[in-house]
$ cat structure_31.cif   # mmCIF, C-alpha atoms and all ligand atoms
data_run
#
loop_
_atom_site.label_atom_id
_atom_site.label_comp_id
_atom_site.auth_asym_id
_atom_site.auth_seq_id
_atom_site.Cartn_x
_atom_site.Cartn_y
_atom_site.Cartn_z
CA MET A 1 -99.78 33.27 9.30
CA ASN A 2 -101.01 30.50 11.60
CA SER A 3 -98.10 28.10 11.75
CA LEU A 4 -94.39 27.89 11.06
CA ALA A 5 -91.51 25.44 11.33
CA VAL A 6 -87.91 25.82 12.45
CA LEU A 7 -84.80 23.84 11.48
CA THR A 8 -81.03 23.94 11.95
CA SER A 9 -78.77 22.94 9.10
CA GLY A 10 -75.04 22.64 8.26
CA GLY A 11 -72.36 22.70 10.96
CA ASP A 12 -73.87 23.22 14.41
CA ALA A 13 -72.94 26.29 16.44
CA PRO A 14 -73.27 27.19 20.14
CA GLY A 15 -76.29 29.47 20.52
CA MET A 16 -78.49 27.61 18.04
CA ASN A 17 -80.56 26.25 20.94
CA ALA A 18 -81.06 29.74 22.36
CA CYS A 19 -82.30 30.74 18.93
CA ILE A 20 -84.68 27.77 18.58
CA ARG A 21 -86.10 28.70 21.99
CA ALA A 22 -86.64 32.28 20.88
CA VAL A 23 -88.34 31.20 17.63
CA VAL A 24 -90.69 28.79 19.41
CA ARG A 25 -91.66 31.17 22.19
CA THR A 26 -92.12 34.19 19.93
CA ALA A 27 -94.31 32.16 17.54
CA LEU A 28 -96.42 30.85 20.45
CA THR A 29 -96.87 34.38 21.74
CA LEU A 30 -98.25 35.31 18.31
CA SER A 31 -100.68 32.35 18.65
CA MET A 32 -99.00 30.35 15.90
CA LYS A 33 -98.49 26.60 15.86
CA VAL A 34 -94.78 25.85 15.70
CA TYR A 35 -93.04 22.68 14.51
CA GLY A 36 -89.45 21.61 15.02
CA ILE A 37 -87.92 19.85 12.03
CA ASP A 38 -85.36 17.20 12.89
CA ARG A 39 -82.04 16.97 10.93
CA GLY A 40 -82.34 20.13 8.82
CA TYR A 41 -83.36 19.87 5.18
CA THR A 42 -83.16 16.05 5.34
CA GLY A 43 -85.93 16.02 7.95
CA LEU A 44 -87.86 18.59 5.93
CA ILE A 45 -87.87 16.28 2.89
CA GLU A 46 -88.76 13.28 5.06
CA GLY A 47 -91.49 15.07 7.04
CA ASP A 48 -89.78 14.62 10.41
CA PHE A 49 -91.85 17.30 12.19
CA THR A 50 -92.78 17.61 15.87
CA GLU A 51 -95.11 20.23 17.28
CA MET A 52 -93.38 22.28 19.98
CA ASP A 53 -94.63 24.10 23.05
CA ARG A 54 -92.97 26.34 25.63
CA SER A 55 -91.64 23.41 27.62
CA SER A 56 -90.09 21.74 24.51
CA VAL A 57 -87.48 24.48 24.69
CA SER A 58 -87.10 24.75 28.47
CA ASP A 59 -83.58 24.65 29.83
CA ILE A 60 -81.85 24.67 26.44
CA ILE A 61 -80.59 28.27 26.35
CA ARG A 62 -77.32 27.29 28.03
CA ARG A 63 -76.70 24.14 25.96
CA GLY A 64 -74.36 23.81 22.96
CA GLY A 65 -75.27 21.80 19.85
CA THR A 66 -78.80 21.81 18.49
CA ILE A 67 -81.72 19.88 19.99
CA LEU A 68 -83.16 19.66 16.45
CA HIS A 69 -80.01 17.93 15.11
CA THR A 70 -78.55 18.96 11.80
CA SER A 71 -77.40 17.63 8.43
CA ARG A 72 -75.85 18.67 5.15
CA CYS A 73 -78.47 17.62 2.59
CA GLU A 74 -77.59 17.08 -1.07
CA GLU A 75 -81.17 16.23 -2.11
CA PHE A 76 -82.45 19.66 -1.10
CA LYS A 77 -80.27 21.17 -3.85
CA THR A 78 -82.52 19.49 -6.43
CA VAL A 79 -85.95 20.79 -7.53
CA GLU A 80 -87.40 17.33 -6.82
CA GLY A 81 -86.08 17.43 -3.27
CA ARG A 82 -87.56 20.85 -2.62
CA GLU A 83 -90.90 19.82 -4.14
CA LYS A 84 -91.04 16.89 -1.72
CA ALA A 85 -90.37 19.36 1.09
CA LEU A 86 -93.18 21.66 -0.04
CA LYS A 87 -95.62 18.72 -0.03
CA ARG A 88 -94.59 17.84 3.52
CA LEU A 89 -95.10 21.43 4.67
CA ALA A 90 -98.52 21.60 2.99
CA ALA A 91 -99.59 18.33 4.66
CA TYR A 92 -99.02 19.98 8.06
CA ASN A 93 -100.51 23.35 6.98
CA ILE A 94 -97.18 25.01 7.75
CA GLU A 95 -97.03 28.47 6.23
CA GLY A 96 -93.50 29.66 6.94
CA LEU A 97 -90.00 28.34 7.67
CA ILE A 98 -87.20 29.64 9.88
CA ALA A 99 -83.82 28.18 8.82
CA ILE A 100 -80.81 28.58 11.11
CA GLY A 101 -77.40 27.86 9.60
CA GLY A 102 -74.58 29.02 7.35
CA ASP A 103 -74.02 29.73 3.70
CA GLY A 104 -75.37 26.37 2.41
CA THR A 105 -78.50 26.71 4.54
CA PHE A 106 -79.11 30.17 3.11
CA ARG A 107 -78.72 28.93 -0.48
CA GLY A 108 -81.30 26.18 0.10
CA ALA A 109 -83.65 28.66 1.80
CA ASP A 110 -83.30 31.13 -1.07
CA LEU A 111 -84.31 28.46 -3.60
CA LEU A 112 -87.30 27.43 -1.45
CA SER A 113 -88.50 31.02 -1.08
CA LYS A 114 -88.24 31.43 -4.86
CA MET A 115 -90.70 28.53 -5.18
CA GLY A 116 -93.19 30.73 -3.31
CA PHE A 117 -92.71 29.53 0.26
CA PRO A 118 -91.96 32.19 2.94
CA VAL A 119 -88.58 31.70 4.61
CA SER A 120 -86.55 33.66 7.13
CA CYS A 121 -82.86 32.78 7.60
CA ILE A 122 -80.79 33.22 10.74
CA PRO A 123 -76.98 33.15 10.55
CA GLY A 124 -75.62 30.32 12.71
CA THR A 125 -72.05 29.17 12.10
CA ILE A 126 -68.82 29.39 14.08
CA ASP A 127 -67.02 30.55 10.91
CA ASN A 128 -68.49 34.11 10.83
CA ASP A 129 -68.36 33.84 7.05
CA LEU A 130 -71.70 35.43 6.12
CA PRO A 131 -70.51 38.91 5.13
CA TYR A 132 -73.91 40.66 5.18
CA THR A 133 -73.90 40.45 9.00
CA ASP A 134 -71.23 41.55 11.51
CA TYR A 135 -71.66 38.36 13.55
CA THR A 136 -73.07 34.87 13.25
CA ILE A 137 -74.35 32.79 16.16
CA GLY A 138 -71.53 30.60 17.53
CA PHE A 139 -68.51 32.65 16.46
CA ASP A 140 -67.96 34.32 19.83
CA THR A 141 -68.15 31.02 21.74
CA ALA A 142 -65.72 29.40 19.29
CA VAL A 143 -63.21 32.24 19.79
CA ASN A 144 -63.56 31.87 23.57
CA THR A 145 -63.04 28.11 23.29
CA VAL A 146 -59.85 28.75 21.32
CA LEU A 147 -58.67 31.23 23.96
CA GLU A 148 -59.27 28.72 26.72
CA ALA A 149 -57.28 26.10 24.83
CA ILE A 150 -54.48 28.58 24.09
CA ASN A 151 -54.16 29.39 27.81
CA LYS A 152 -53.64 25.72 28.57
CA ILE A 153 -51.26 25.13 25.69
CA ALA A 154 -49.26 28.22 26.66
CA ASP A 155 -48.77 26.85 30.20
CA THR A 156 -47.11 23.67 29.02
CA ALA A 157 -45.28 25.43 26.16
CA GLY A 158 -43.83 27.81 28.76
CA SER A 159 -42.61 24.94 30.93
CA HIS A 160 -41.01 23.15 27.99
CA GLU A 161 -39.87 26.31 26.20
CA ARG A 162 -41.51 25.25 22.97
CA VAL A 163 -43.22 27.01 20.11
CA SER A 164 -46.94 26.17 19.87
CA VAL A 165 -48.71 26.08 16.54
CA VAL A 166 -52.48 25.93 17.00
CA GLU A 167 -54.84 25.18 14.12
CA VAL A 168 -58.36 26.60 14.27
CA MET A 169 -61.46 26.15 12.12
CA GLY A 170 -63.16 28.66 9.85
CA ARG A 171 -63.36 27.07 6.40
CA LYS A 172 -62.13 29.84 4.04
CA CYS A 173 -62.57 32.60 6.60
CA GLY A 174 -59.73 33.66 8.92
CA ASP A 175 -61.94 35.39 11.52
CA ILE A 176 -61.57 32.77 14.27
CA ALA A 177 -57.78 32.89 13.78
CA LEU A 178 -57.65 36.69 13.64
CA PHE A 179 -59.83 37.28 16.71
CA SER A 180 -58.24 34.54 18.81
CA GLY A 181 -54.75 35.50 17.63
CA LEU A 182 -55.29 39.09 18.72
CA ASP A 183 -57.01 38.23 22.00
CA GLY A 184 -54.64 35.34 22.76
CA GLY A 185 -51.41 37.30 22.20
CA ALA A 186 -50.14 35.20 19.29
CA GLU A 187 -46.82 36.09 17.65
CA ALA A 188 -48.21 35.38 14.18
CA ILE A 189 -51.39 34.27 12.46
CA ILE A 190 -51.60 32.39 9.19
CA ILE A 191 -54.96 33.03 7.51
CA PRO A 192 -56.43 32.43 4.04
CA GLU A 193 -56.88 36.17 3.40
CA LYS A 194 -53.16 37.03 3.70
CA SER A 195 -49.97 35.52 2.34
CA TYR A 196 -47.34 34.54 4.88
CA ASP A 197 -43.59 34.10 4.91
CA ILE A 198 -42.36 31.33 7.20
CA ASN A 199 -38.92 33.01 7.34
CA ASN A 200 -40.44 36.19 8.78
CA ILE A 201 -42.32 34.18 11.39
CA CYS A 202 -39.07 32.40 12.31
CA LYS A 203 -37.25 35.75 12.47
CA THR A 204 -39.73 36.91 15.10
CA ILE A 205 -39.28 33.67 17.04
CA LEU A 206 -35.48 34.05 16.94
CA GLU A 207 -35.69 37.70 18.02
CA ASN A 208 -37.83 36.58 20.97
CA LYS A 209 -35.20 33.93 21.75
CA LYS A 210 -32.55 36.67 22.01
CA LYS A 211 -34.75 38.24 24.68
CA GLY A 212 -34.90 34.92 26.50
CA ARG A 213 -38.32 33.81 25.36
CA LEU A 214 -38.76 30.48 23.62
CA ASN A 215 -42.50 29.82 23.95
CA ASN A 216 -44.26 31.52 21.05
CA LEU A 217 -47.78 31.05 19.81
CA ILE A 218 -48.65 30.81 16.13
CA ILE A 219 -52.30 30.45 15.05
CA VAL A 220 -53.04 28.74 11.75
CA ALA A 221 -56.48 28.87 10.15
CA GLU A 222 -57.62 25.68 8.43
CA GLY A 223 -57.22 26.05 4.70
CA ALA A 224 -54.50 28.71 4.98
CA VAL A 225 -51.60 26.36 4.34
CA GLU A 226 -51.46 24.48 1.06
CA GLY A 227 -51.66 20.68 1.28
CA ASP A 228 -52.52 18.51 4.26
CA GLY A 229 -51.55 18.92 7.91
CA GLY A 230 -51.37 22.73 8.06
CA ALA A 231 -50.30 23.24 11.66
CA LYS A 232 -48.05 20.17 11.72
CA LYS A 233 -46.26 21.32 8.59
CA ILE A 234 -45.72 24.81 10.02
CA ALA A 235 -44.41 23.39 13.31
CA GLU A 236 -41.92 21.20 11.44
CA GLN A 237 -40.71 24.14 9.35
CA ILE A 238 -40.30 26.33 12.46
CA GLU A 239 -38.30 23.62 14.23
CA ASP A 240 -36.06 23.13 11.17
CA ILE A 241 -35.39 26.84 10.65
CA THR A 242 -35.07 28.02 14.28
CA GLY A 243 -33.80 24.89 16.00
CA ILE A 244 -36.43 25.49 18.73
CA GLU A 245 -38.78 22.63 19.56
CA ALA A 246 -42.25 23.21 18.13
CA ARG A 247 -45.51 21.30 18.64
CA SER A 248 -48.79 21.52 16.79
CA THR A 249 -52.35 21.17 18.13
CA THR A 250 -55.44 21.00 15.95
CA LEU A 251 -58.41 22.12 18.05
CA GLY A 252 -61.01 20.66 15.66
CA TYR A 253 -64.56 20.05 16.86
CA THR A 254 -64.00 21.36 20.39
CA GLN A 255 -64.63 24.75 18.74
CA ARG A 256 -68.15 23.75 17.75
CA GLY A 257 -69.27 22.58 21.17
CA GLY A 258 -69.74 23.98 24.64
CA SER A 259 -72.15 26.21 26.46
CA PRO A 260 -72.75 29.37 24.39
CA SER A 261 -71.26 32.68 25.51
CA GLY A 262 -73.53 35.50 26.65
CA LYS A 263 -73.04 37.17 23.30
CA ASP A 264 -74.16 34.09 21.34
CA ARG A 265 -77.16 33.50 23.60
CA GLY A 266 -78.12 37.14 23.10
CA LEU A 267 -77.77 36.89 19.33
CA GLY A 268 -79.87 33.71 19.35
CA CYS A 269 -82.63 35.41 21.34
CA LYS A 270 -82.66 38.58 19.22
CA PHE A 271 -82.37 36.86 15.83
CA GLY A 272 -85.05 34.28 16.70
CA TYR A 273 -87.48 36.92 17.92
CA TYR A 274 -86.81 39.20 14.96
CA ALA A 275 -87.07 36.43 12.32
CA VAL A 276 -90.49 35.35 13.58
CA GLN A 277 -91.77 38.94 13.70
CA THR A 278 -90.47 39.49 10.15
CA ILE A 279 -92.03 36.40 8.60
CA TYR A 280 -95.27 37.00 10.53
CA SER A 281 -95.48 40.52 9.10
CA GLY A 282 -95.61 39.05 5.58
CA VAL A 283 -91.97 39.29 4.39
CA THR A 284 -91.45 36.19 2.22
CA SER A 285 -87.66 36.17 2.01
CA SER A 286 -85.52 37.53 4.81
CA ALA A 287 -82.02 37.08 6.14
CA VAL A 288 -81.73 38.45 9.64
CA GLY A 289 -78.41 39.99 10.68
CA ILE A 290 -76.73 42.52 12.95
CA LYS A 291 -74.78 45.64 11.85
CA ASN A 292 -73.36 48.16 14.31
CA ASN A 293 -75.34 46.48 17.07
CA LYS A 294 -78.67 46.86 15.25
CA VAL A 295 -80.71 43.84 14.12
CA PHE A 296 -82.04 44.13 10.57
CA HIS A 297 -83.23 41.97 7.67
CA MET A 298 -82.76 41.92 3.91
CA PRO A 299 -83.85 39.51 1.13
CA ILE A 300 -81.91 36.22 1.29
CA GLU A 301 -80.80 36.64 -2.33
CA ASP A 302 -79.22 40.03 -1.51
CA ALA A 303 -77.56 38.72 1.64
CA LEU A 304 -75.87 36.02 -0.44
CA LYS A 305 -74.39 38.60 -2.83
CA TYR A 306 -72.14 40.20 -0.21
CA GLU A 307 -68.42 39.53 -0.49
CA LYS A 308 -66.42 39.22 2.70
CA VAL A 309 -64.40 42.38 3.34
CA PHE A 310 -61.34 41.45 5.35
CA ASP A 311 -60.95 43.51 8.51
CA GLU A 312 -57.66 45.24 7.61
CA GLU A 313 -57.93 47.57 10.60
CA LEU A 314 -58.07 44.70 13.06
CA TYR A 315 -55.25 42.95 11.22
CA ASN A 316 -53.12 46.12 11.47
CA ILE A 317 -53.80 46.33 15.19
CA PHE A 318 -52.63 42.72 15.47
CA LEU A 319 -49.45 43.48 13.49
CA THR A 320 -48.73 46.61 15.53
CA LEU A 321 -49.06 44.76 18.81
CA THR A 322 -46.80 41.91 17.70
CA LYS A 323 -44.02 43.94 16.05
CA ASN A 324 -40.65 43.43 17.62
CA GLN A 325 -39.90 47.15 17.61
CA GLU A 326 -39.17 48.37 21.08
CA GLY A 327 -38.32 52.03 20.37
CA LYS A 328 -34.99 53.72 21.07
CA ASN A 329 -35.32 53.48 24.85
CA ALA A 330 -35.71 49.70 24.83
CA LYS A 331 -33.44 47.86 27.28
CA ASN A 332 -32.90 44.80 25.01
O1 LIG B 401 -68.76 25.46 9.07
C1 LIG B 401 -68.35 25.05 10.32
C2 LIG B 401 -67.20 24.08 10.21
O2 LIG B 401 -66.87 23.65 11.52
C3 LIG B 401 -65.97 24.61 9.49
O3 LIG B 401 -65.17 25.45 10.29
C4 LIG B 401 -65.30 23.32 9.10
O4 LIG B 401 -64.50 23.51 7.94
C5 LIG B 401 -66.46 22.42 8.79
O5 LIG B 401 -67.59 22.95 9.47
C6 LIG B 401 -66.30 20.98 9.19
O6 LIG B 401 -67.42 20.29 8.75
P1 LIG B 401 -67.85 18.82 9.14
O7 LIG B 401 -68.67 18.89 10.39
O8 LIG B 401 -68.66 18.37 7.99
O9 LIG B 401 -66.59 18.05 9.34
#
$ encode --input "structure_31.cif" --output "structure tokens"
Amino acid sequence: MNSLAVLTSGGDAPGMNACIRAVVRTALTLSMKVYGIDRGYTGLIEGDFTEMDRSSVSDIIRRGGTILHTSRCEEFKTVEGREKALKRLAAYNIEGLIAIGGDGTFRGADLLSKMGFPVSCIPGTIDNDLPYTDYTIGFDTAVNTVLEAINKIADTAGSHERVSVVEVMGRKCGDIALFSGLDGGAEAIIIPEKSYDINNICKTILENKKKGRLNNLIIVAEGAVEGDGGAKKIAEQIEDITGIEARSTTLGYTQRGGSPSGKDRGLGCKFGYYAVQTIYSGVTSSAVGIKNNKVFHMPIEDALKYEKVFDEELYNIFLTLTKNQEGKNAKN
């Protein structure tokens, strides 16, 4: 293989830049030409390619976002769209593609590889919703961003003695809520994977009130509450049932930005290096991932077949640490 291209697609994630840097520099070390494709599959269809060198990726390892920009491209789902892309790649003599993104990116890459073009996929999404891998690039930074926000919200909630309901992202996956709820000391988490009972949550809040504590933190994952305004709705219900003031905050896109954590930079470096080595060695369809701290790859089609297994153990730890059971020697 003499040349390859790299793109980022779908929602951006902190650590994507570290990964682009690793792809470019590993490819150059293997004496390949490497092109950056602007705006994901849209740029691939339009032929928006720029040749990259070592300095094109200087000083980006610490930056959030993606220097290659990103898009969600409907046209790439069609055979015609992908044929246009193949023509563009052939015009530049590009022989392989590295696609960094989430579920939708992987589906597009799988279809392209089935048309005979070598592709390696790297998981990059804050949602951590690609079940074949333990972690995706961006998840750790997003959880840390939520924790930082929670710390600030908890300060003011403590002063005002209010309940805080914080809504986090994750699409249909409750991982950001579960991890930040555990690490942030939340009283309850509302996630798509588990049913919830608002009366039980209020019971906990009222039990805490008896002990003199009014500021409680509830984390709500987007998509976990039916209808619009998840966190707002929960805050209103809590206020009605408990009589304690409650406020909601939706963290939104703050979770997708910011300088990547050490863990996400590390994942970006390892995944980028490994994806290039894999495609260079002749593997035509690979999804790179990490399991038990070991980087591996498997065919993209197989990676897409995995169903998310909810981390019951972690959830049980969360429940154990939030239970209002003080034991028989408790003072109150
Ligand atoms: O997939 C990442 C994500 O941030 C999800 O958590 C969220 O549901 C979605 O993207 C938002 O997408 P958009 O950028 O299109 O609003």
$ residues_around --input "structure_31.cif" --residues "region 196-202 of chain A" --least-positions-apart "5" --cutoff "12 Å" --atoms "only C-alpha atoms" --output "mmCIF file with C-alpha atoms, in the frame of the given file"
data_model
loop_
_atom_site.group_PDB
_atom_site.id
_atom_site.type_symbol
_atom_site.label_atom_id
_atom_site.label_comp_id
_atom_site.auth_asym_id
_atom_site.auth_seq_id
_atom_site.Cartn_x
_atom_site.Cartn_y
_atom_site.Cartn_z
ATOM 1 C CA VAL A 163 -43.220 27.010 20.110
ATOM 2 C CA VAL A 165 -48.710 26.080 16.540
ATOM 3 C CA ALA A 186 -50.140 35.200 19.290
ATOM 4 C CA GLU A 187 -46.820 36.090 17.650
ATOM 5 C CA ALA A 188 -48.210 35.380 14.180
ATOM 6 C CA ILE A 189 -51.390 34.270 12.460
ATOM 7 C CA ILE A 190 -51.600 32.390 9.190
ATOM 8 C CA ILE A 191 -54.960 33.030 7.510
ATOM 9 C CA GLU A 207 -35.690 37.700 18.020
ATOM 10 C CA ASN A 208 -37.830 36.580 20.970
ATOM 11 C CA LYS A 209 -35.200 33.930 21.750
ATOM 12 C CA LEU A 214 -38.760 30.480 23.620
ATOM 13 C CA ASN A 216 -44.260 31.520 21.050
ATOM 14 C CA LEU A 217 -47.780 31.050 19.810
ATOM 15 C CA ILE A 218 -48.650 30.810 16.130
ATOM 16 C CA ILE A 219 -52.300 30.450 15.050
ATOM 17 C CA VAL A 220 -53.040 28.740 11.750
ATOM 18 C CA ALA A 221 -56.480 28.870 10.150
ATOM 19 C CA ALA A 224 -54.500 28.710 4.980
ATOM 20 C CA VAL A 225 -51.600 26.360 4.340
ATOM 21 C CA GLU A 226 -51.460 24.480 1.060
ATOM 22 C CA LYS A 233 -46.260 21.320 8.590
ATOM 23 C CA ILE A 234 -45.720 24.810 10.020
ATOM 24 C CA ALA A 235 -44.410 23.390 13.310
ATOM 25 C CA GLU A 236 -41.920 21.200 11.440
ATOM 26 C CA GLN A 237 -40.710 24.140 9.350
ATOM 27 C CA ILE A 238 -40.300 26.330 12.460
ATOM 28 C CA GLU A 239 -38.300 23.620 14.230
ATOM 29 C CA ASP A 240 -36.060 23.130 11.170
ATOM 30 C CA ILE A 241 -35.390 26.840 10.650
ATOM 31 C CA THR A 242 -35.070 28.020 14.280
ATOM 32 C CA GLY A 243 -33.800 24.890 16.000
ATOM 33 C CA ILE A 244 -36.430 25.490 18.730
ATOM 34 C CA ALA A 246 -42.250 23.210 18.130
ATOM 35 C CA LEU A 319 -49.450 43.480 13.490
ATOM 36 C CA THR A 322 -46.800 41.910 17.700
ATOM 37 C CA LYS A 323 -44.020 43.940 16.050
ATOM 38 C CA ASN A 324 -40.650 43.430 17.620
#
$ residues_around --input "structure_31.cif" --residues "region 95-111 of chain A" --least-positions-apart "5" --cutoff "6 Å" --atoms "all atoms listed in the file" --output "ChimeraX atom specification"
/A:3-10,118-125,300
$ closest_residue --input "structure_31.cif" --among "A:Tyr280, A:Tyr41, A:Tyr253, A:Tyr315" --to "ligand LIG 401 (chain B)" --atoms "all atoms listed in the file"
A:Tyr253
$ residues_near_ligand --input "structure_31.cif" --ligand "ligand LIG 401 (chain B)" --cutoff "8 Å" --atoms "only C-alpha atoms and all ligand atoms" --output "list in words"
Gly10, Gly11, Asp12, Ala13, Arg72, Gly102, Thr125, Ile126, Asp127, Val168, Met169, Gly170, Arg171, Lys172, Glu222, Gly252, Tyr253, Gln255 and Arg256 of chain A
$ residues_around --input "structure_31.cif" --residues "Lys294 (chain A)" --least-positions-apart "5" --cutoff "12 Å" --atoms "only C-alpha atoms" --output "list of chain:residue names"
A:Thr133, A:Asp134, A:Tyr135, A:Leu267, A:Lys270, A:Phe271, A:Tyr274, A:Val288, A:Gly289
$ closest_residue --input "structure_31.cif" --among "A:Lys232, A:Arg62, A:Lys203, A:Arg213" --to "Ser159 (chain A)" --atoms "all atoms listed in the file"
A:Arg213
$ atom_distance --input "structure_31.cif" --atom1 "CA of Lys84 (chain A)" --atom2 "CA of Ile279 (chain A)"
22.1 Å
$ atom_distance --input "structure_31.cif" --atom1 "CA of Val23 (chain A)" --atom2 "CA of Gly40 (chain A)"
15.4 Å
$ atom_distance --input "structure_31.cif" --atom1 "CA of Val24 (chain A)" --atom2 "CA of Arg63 (chain A)"
16.1 Å
$ closest_residue --input "structure_31.cif" --among "A:Ala303, A:Ile94, A:Ile67, A:Ile317" --to "Gly15 (chain A)" --atoms "only C-alpha atoms"
A:Ile67
$ closest_residue --input "structure_31.cif" --among "A:Ser71, A:Leu86, A:Ala18, A:Arg162" --to "Gly272 (chain A)" --atoms "all atoms listed in the file"
A:Ala18
$ closest_residue --input "structure_31.cif" --among "A:Val146, A:Ala27, A:Met16, A:Ala287" --to "Tyr273 (chain A)" --atoms "all atoms listed in the file"
A:Ala27
$ closest_residue --input "structure_31.cif" --among "A:Lys210, A:Arg21, A:Arg88, A:Arg82" --to "Phe49 (chain A)" --atoms "only C-alpha atoms"
A:Arg88
$ decode --input "structure_31.cif" --residues "region 214-230 of chain A" --atoms "N, CA, C and O atoms" --output "PDB file, in the first residue's frame"
ATOM      1  N   LEU A 214     -30.388  18.895  51.834  1.00  0.00           N
ATOM      2  CA  LEU A 214     -31.391  19.210  50.807  1.00  0.00           C
ATOM      3  C   LEU A 214     -30.811  19.176  49.391  1.00  0.00           C
ATOM      4  O   LEU A 214     -31.531  18.985  48.428  1.00  0.00           O
ATOM      5  N   ASN A 215     -29.499  19.412  49.266  1.00  0.00           N
ATOM      6  CA  ASN A 215     -28.929  19.383  47.905  1.00  0.00           C
ATOM      7  C   ASN A 215     -28.636  17.933  47.490  1.00  0.00           C
ATOM      8  O   ASN A 215     -27.864  17.237  48.137  1.00  0.00           O
ATOM      9  N   ASN A 216     -29.315  17.490  46.488  1.00  0.00           N
ATOM     10  CA  ASN A 216     -29.158  16.126  45.969  1.00  0.00           C
ATOM     11  C   ASN A 216     -28.896  16.233  44.480  1.00  0.00           C
ATOM     12  O   ASN A 216     -29.405  17.151  43.822  1.00  0.00           O
ATOM     13  N   LEU A 217     -28.154  15.281  43.966  1.00  0.00           N
ATOM     14  CA  LEU A 217     -27.839  15.309  42.536  1.00  0.00           C
ATOM     15  C   LEU A 217     -28.480  14.110  41.828  1.00  0.00           C
ATOM     16  O   LEU A 217     -28.288  12.966  42.243  1.00  0.00           O
ATOM     17  N   ILE A 218     -29.217  14.408  40.788  1.00  0.00           N
ATOM     18  CA  ILE A 218     -29.830  13.353  39.981  1.00  0.00           C
ATOM     19  C   ILE A 218     -29.300  13.508  38.547  1.00  0.00           C
ATOM     20  O   ILE A 218     -29.379  14.606  37.982  1.00  0.00           O
ATOM     21  N   ILE A 219     -28.776  12.443  37.971  1.00  0.00           N
ATOM     22  CA  ILE A 219     -28.280  12.509  36.587  1.00  0.00           C
ATOM     23  C   ILE A 219     -29.298  11.834  35.674  1.00  0.00           C
ATOM     24  O   ILE A 219     -29.740  10.705  35.932  1.00  0.00           O
ATOM     25  N   VAL A 220     -29.639  12.541  34.606  1.00  0.00           N
ATOM     26  CA  VAL A 220     -30.595  11.989  33.636  1.00  0.00           C
ATOM     27  C   VAL A 220     -29.895  11.852  32.287  1.00  0.00           C
ATOM     28  O   VAL A 220     -29.316  12.822  31.782  1.00  0.00           O
ATOM     29  N   ALA A 221     -29.942  10.671  31.712  1.00  0.00           N
ATOM     30  CA  ALA A 221     -29.366  10.487  30.369  1.00  0.00           C
ATOM     31  C   ALA A 221     -30.385  10.943  29.335  1.00  0.00           C
ATOM     32  O   ALA A 221     -31.589  10.708  29.509  1.00  0.00           O
ATOM     33  N   GLU A 222     -29.902  11.576  28.265  1.00  0.00           N
ATOM     34  CA  GLU A 222     -30.847  11.990  27.213  1.00  0.00           C
ATOM     35  C   GLU A 222     -31.531  10.722  26.693  1.00  0.00           C
ATOM     36  O   GLU A 222     -30.929   9.659  26.628  1.00  0.00           O
ATOM     37  N   GLY A 223     -32.792  10.842  26.387  1.00  0.00           N
ATOM     38  CA  GLY A 223     -33.506   9.690  25.843  1.00  0.00           C
ATOM     39  C   GLY A 223     -34.022   8.726  26.897  1.00  0.00           C
ATOM     40  O   GLY A 223     -34.692   7.749  26.577  1.00  0.00           O
ATOM     41  N   ALA A 224     -33.759   9.000  28.184  1.00  0.00           N
ATOM     42  CA  ALA A 224     -34.215   8.060  29.217  1.00  0.00           C
ATOM     43  C   ALA A 224     -35.616   8.397  29.722  1.00  0.00           C
ATOM     44  O   ALA A 224     -36.297   7.560  30.303  1.00  0.00           O
ATOM     45  N   VAL A 225     -36.019   9.630  29.492  1.00  0.00           N
ATOM     46  CA  VAL A 225     -37.339  10.064  29.965  1.00  0.00           C
ATOM     47  C   VAL A 225     -38.221  10.285  28.747  1.00  0.00           C
ATOM     48  O   VAL A 225     -37.802  10.969  27.803  1.00  0.00           O
ATOM     49  N   GLU A 226     -39.405   9.690  28.764  1.00  0.00           N
ATOM     50  CA  GLU A 226     -40.277   9.825  27.593  1.00  0.00           C
ATOM     51  C   GLU A 226     -40.726  11.271  27.384  1.00  0.00           C
ATOM     52  O   GLU A 226     -40.960  11.996  28.346  1.00  0.00           O
ATOM     53  N   GLY A 227     -40.837  11.678  26.121  1.00  0.00           N
ATOM     54  CA  GLY A 227     -41.270  13.035  25.797  1.00  0.00           C
ATOM     55  C   GLY A 227     -40.118  14.014  25.854  1.00  0.00           C
ATOM     56  O   GLY A 227     -38.963  13.633  26.070  1.00  0.00           O
ATOM     57  N   ASP A 228     -40.454  15.295  25.657  1.00  0.00           N
ATOM     58  CA  ASP A 228     -39.416  16.333  25.618  1.00  0.00           C
ATOM     59  C   ASP A 228     -39.027  16.801  27.019  1.00  0.00           C
ATOM     60  O   ASP A 228     -39.746  16.596  27.974  1.00  0.00           O
ATOM     61  N   GLY A 229     -37.892  17.475  27.079  1.00  0.00           N
ATOM     62  CA  GLY A 229     -37.455  18.151  28.312  1.00  0.00           C
ATOM     63  C   GLY A 229     -37.228  17.220  29.473  1.00  0.00           C
ATOM     64  O   GLY A 229     -37.732  17.449  30.583  1.00  0.00           O
ATOM     65  N   GLY A 230     -36.457  16.142  29.263  1.00  0.00           N
ATOM     66  CA  GLY A 230     -36.197  15.126  30.283  1.00  0.00           C
ATOM     67  C   GLY A 230     -35.870  15.660  31.661  1.00  0.00           C
ATOM     68  O   GLY A 230     -36.619  15.445  32.617  1.00  0.00           O
TER      69      GLY A 230
END
